[in-house]
Each structure stands twice: as C-alpha cells, then as structure tokens.
>>> print(open('data-v1.txt').read())   # compact mmCIF, N, CA and C atoms
# COMPACT_ATOMS: atom_id res chain seq x y z
N MET S 1 -10.01 14.45 10.04
CA MET S 1 -10.32 13.28 9.24
C MET S 1 -10.67 12.14 10.18
N ASN S 2 -11.80 11.50 9.94
CA ASN S 2 -12.17 10.39 10.81
C ASN S 2 -11.74 9.07 10.19
N GLY S 3 -11.96 7.97 10.91
CA GLY S 3 -11.55 6.65 10.45
C GLY S 3 -12.18 6.24 9.14
N ASP S 4 -13.44 6.65 8.92
CA ASP S 4 -14.12 6.30 7.68
C ASP S 4 -13.46 6.98 6.48
N ASP S 5 -13.05 8.25 6.65
CA ASP S 5 -12.37 8.96 5.57
C ASP S 5 -11.06 8.26 5.22
N THR S 6 -10.34 7.83 6.23
CA THR S 6 -9.08 7.15 6.02
C THR S 6 -9.30 5.81 5.33
N ALA S 7 -10.30 5.06 5.76
CA ALA S 7 -10.60 3.77 5.16
C ALA S 7 -11.05 3.96 3.71
N ASP S 8 -11.86 4.97 3.45
CA ASP S 8 -12.31 5.24 2.08
C ASP S 8 -11.14 5.61 1.19
N ALA S 9 -10.24 6.42 1.69
CA ALA S 9 -9.07 6.83 0.91
C ALA S 9 -8.19 5.62 0.62
N ARG S 10 -8.03 4.76 1.61
CA ARG S 10 -7.22 3.55 1.41
C ARG S 10 -7.84 2.64 0.36
N ARG S 11 -9.15 2.46 0.43
CA ARG S 11 -9.83 1.61 -0.57
C ARG S 11 -9.69 2.21 -1.97
N ALA S 12 -9.76 3.53 -2.07
CA ALA S 12 -9.61 4.18 -3.37
C ALA S 12 -8.20 3.96 -3.91
N ARG S 13 -7.18 4.08 -3.05
CA ARG S 13 -5.80 3.84 -3.49
C ARG S 13 -5.61 2.38 -3.90
N GLU S 14 -6.22 1.45 -3.16
CA GLU S 14 -6.11 0.03 -3.49
C GLU S 14 -6.77 -0.27 -4.84
N ARG S 15 -7.93 0.36 -5.11
CA ARG S 15 -8.58 0.17 -6.42
C ARG S 15 -7.72 0.73 -7.54
N GLU S 16 -7.12 1.90 -7.30
CA GLU S 16 -6.25 2.50 -8.31
C GLU S 16 -5.05 1.60 -8.58
N LEU S 17 -4.43 1.08 -7.53
CA LEU S 17 -3.28 0.19 -7.69
C LEU S 17 -3.68 -1.07 -8.44
N ALA S 18 -4.80 -1.64 -8.10
CA ALA S 18 -5.26 -2.85 -8.79
C ALA S 18 -5.46 -2.57 -10.28
N GLY S 19 -6.00 -1.42 -10.60
CA GLY S 19 -6.18 -1.05 -12.00
C GLY S 19 -4.86 -0.89 -12.73
N LEU S 20 -3.89 -0.26 -12.08
CA LEU S 20 -2.58 -0.06 -12.69
C LEU S 20 -1.87 -1.40 -12.91
N LEU S 21 -1.96 -2.30 -11.93
CA LEU S 21 -1.33 -3.61 -12.08
C LEU S 21 -2.00 -4.42 -13.19
N ALA S 22 -3.32 -4.36 -13.25
CA ALA S 22 -4.04 -5.07 -14.31
C ALA S 22 -3.67 -4.51 -15.68
N ALA S 23 -3.54 -3.19 -15.78
CA ALA S 23 -3.16 -2.58 -17.05
C ALA S 23 -1.75 -3.00 -17.45
N ALA S 24 -0.86 -3.10 -16.48
CA ALA S 24 0.51 -3.52 -16.78
C ALA S 24 0.53 -4.94 -17.31
N LEU S 25 -0.29 -5.80 -16.75
CA LEU S 25 -0.35 -7.18 -17.22
C LEU S 25 -0.98 -7.28 -18.60
N ARG S 26 -1.99 -6.46 -18.87
CA ARG S 26 -2.64 -6.48 -20.19
C ARG S 26 -1.73 -5.93 -21.27
N ALA S 27 -0.80 -5.08 -20.90
CA ALA S 27 0.06 -4.43 -21.87
C ALA S 27 1.16 -5.35 -22.38
N GLY S 28 1.04 -6.62 -22.13
CA GLY S 28 2.02 -7.57 -22.65
C GLY S 28 3.22 -7.77 -21.74
N ALA S 29 2.97 -7.82 -20.46
CA ALA S 29 4.06 -8.02 -19.51
C ALA S 29 4.72 -9.38 -19.75
N GLY S 30 6.02 -9.39 -19.63
CA GLY S 30 6.77 -10.64 -19.75
C GLY S 30 6.72 -11.42 -18.45
N GLU S 31 7.39 -12.54 -18.44
CA GLU S 31 7.38 -13.42 -17.26
C GLU S 31 7.99 -12.73 -16.04
N GLY S 32 9.04 -11.92 -16.24
CA GLY S 32 9.66 -11.21 -15.12
C GLY S 32 8.72 -10.21 -14.48
N GLU S 33 7.99 -9.47 -15.32
CA GLU S 33 7.03 -8.50 -14.80
C GLU S 33 5.91 -9.19 -14.05
N ARG S 34 5.44 -10.29 -14.59
CA ARG S 34 4.37 -11.05 -13.91
C ARG S 34 4.86 -11.56 -12.56
N ALA S 35 6.09 -12.04 -12.51
CA ALA S 35 6.64 -12.55 -11.25
C ALA S 35 6.80 -11.42 -10.24
N ALA S 36 7.23 -10.25 -10.70
CA ALA S 36 7.40 -9.11 -9.80
C ALA S 36 6.06 -8.65 -9.23
N ILE S 37 5.05 -8.60 -10.07
CA ILE S 37 3.72 -8.20 -9.61
C ILE S 37 3.17 -9.23 -8.63
N ALA S 38 3.35 -10.51 -8.93
CA ALA S 38 2.89 -11.57 -8.02
C ALA S 38 3.59 -11.46 -6.67
N ALA S 39 4.91 -11.19 -6.68
CA ALA S 39 5.65 -11.06 -5.43
C ALA S 39 5.17 -9.85 -4.63
N PHE S 40 4.92 -8.74 -5.31
CA PHE S 40 4.42 -7.56 -4.63
C PHE S 40 3.07 -7.85 -3.98
N LEU S 41 2.16 -8.46 -4.74
CA LEU S 41 0.83 -8.75 -4.20
C LEU S 41 0.90 -9.70 -3.01
N LEU S 42 1.76 -10.70 -3.08
CA LEU S 42 1.92 -11.63 -1.97
C LEU S 42 2.44 -10.90 -0.73
N ALA S 43 3.44 -10.04 -0.91
CA ALA S 43 3.98 -9.29 0.22
C ALA S 43 2.93 -8.34 0.79
N ARG S 44 2.20 -7.66 -0.08
CA ARG S 44 1.17 -6.72 0.38
C ARG S 44 0.09 -7.45 1.15
N ASP S 45 -0.38 -8.57 0.61
CA ASP S 45 -1.47 -9.30 1.26
C ASP S 45 -1.03 -9.94 2.58
N SER S 46 0.26 -10.22 2.73
CA SER S 46 0.75 -10.80 3.99
C SER S 46 1.04 -9.74 5.04
N GLY S 47 0.94 -8.45 4.65
CA GLY S 47 1.14 -7.37 5.60
C GLY S 47 2.56 -6.83 5.64
N ALA S 48 3.40 -7.26 4.73
CA ALA S 48 4.80 -6.83 4.74
C ALA S 48 4.96 -5.34 4.46
N HIS S 49 4.00 -4.71 3.82
CA HIS S 49 4.12 -3.30 3.46
C HIS S 49 3.47 -2.36 4.46
N LYS S 50 3.01 -2.89 5.57
CA LYS S 50 2.42 -2.01 6.59
C LYS S 50 3.51 -1.22 7.27
N THR S 51 3.22 0.00 7.57
CA THR S 51 4.22 0.84 8.24
C THR S 51 4.21 0.58 9.73
N ALA S 52 5.36 0.76 10.31
CA ALA S 52 5.49 0.60 11.76
C ALA S 52 4.86 1.83 12.43
N PRO S 53 4.32 1.66 13.61
CA PRO S 53 3.77 2.82 14.31
C PRO S 53 4.88 3.82 14.62
N THR S 54 4.53 5.07 14.55
CA THR S 54 5.50 6.12 14.84
C THR S 54 5.18 6.75 16.19
N ARG S 55 6.20 7.39 16.74
CA ARG S 55 5.99 8.09 18.00
C ARG S 55 5.28 9.40 17.74
N ARG S 56 4.53 9.85 18.68
CA ARG S 56 3.81 11.12 18.52
C ARG S 56 4.77 12.30 18.47
N GLN S 57 5.85 12.23 19.23
CA GLN S 57 6.82 13.32 19.26
C GLN S 57 8.22 12.72 19.32
N ASP S 58 9.15 13.43 18.72
CA ASP S 58 10.54 13.02 18.84
C ASP S 58 11.10 13.55 20.15
N ASP S 59 11.99 12.81 20.71
CA ASP S 59 12.65 13.21 21.95
C ASP S 59 14.05 13.69 21.59
N TRP S 60 14.25 15.00 21.58
CA TRP S 60 15.51 15.57 21.13
C TRP S 60 16.35 16.04 22.31
N ARG S 61 16.35 15.30 23.40
CA ARG S 61 17.13 15.72 24.57
C ARG S 61 18.60 15.73 24.32
>>> encode(input="data-v1.txt", output="structure tokens")
Amino acid sequence: MNGDDTADARRARERELAGLLAAALRAGAGEGERAAIAAFLLARDSGAHKTAPTRRQDDWR
C-alpha cells in the first residue's frame, strides 16, 4: 500500500464519519449530543486523536 492509498482511505473514513455525525444531528440530537459532537470535532481537528508512533519491533529481552 502506498501513501496515496492510505490518504484515500483516510479521506473516505473522514467522509463517512462526517456523514454519520450529520445524520446524528439531523435525527433530533439534544443539547448534550450536540456538545459531545462539537467536543469530538474540536479534539479531532486539534490533533488530539492522532496515534503515537509505534516501534517497528518489540524488544523482549
């Protein structure tokens, strides 16, 4: 898998997530749900949900 495949897959997941969040809001979300979605989006956009780099191999000495 090359970088373009990974970027395309990420964009597809982001579009799917955006659609799910929009559907949740259209379905009559209350104030709590709206606040939770807003908090998630703020955290995601600030980079809080990025994973930390992992090691290539574990050292089991």
>>> atom_distance(input="data-v1.txt", atom1="atom C of Arg26 (chain S)", atom2="CA of Ala7 (chain S)")
29.5 Å
>>> atom_distance(input="data-v1.txt", atom1="CA of Ala36 (chain S)", atom2="atom C of Ala12 (chain S)")
21.2 Å
>>> atom_distance(input="data-v1.txt", atom1="CA of Arg13 (chain S)", atom2="atom N of Ala27 (chain S)")
20.2 Å
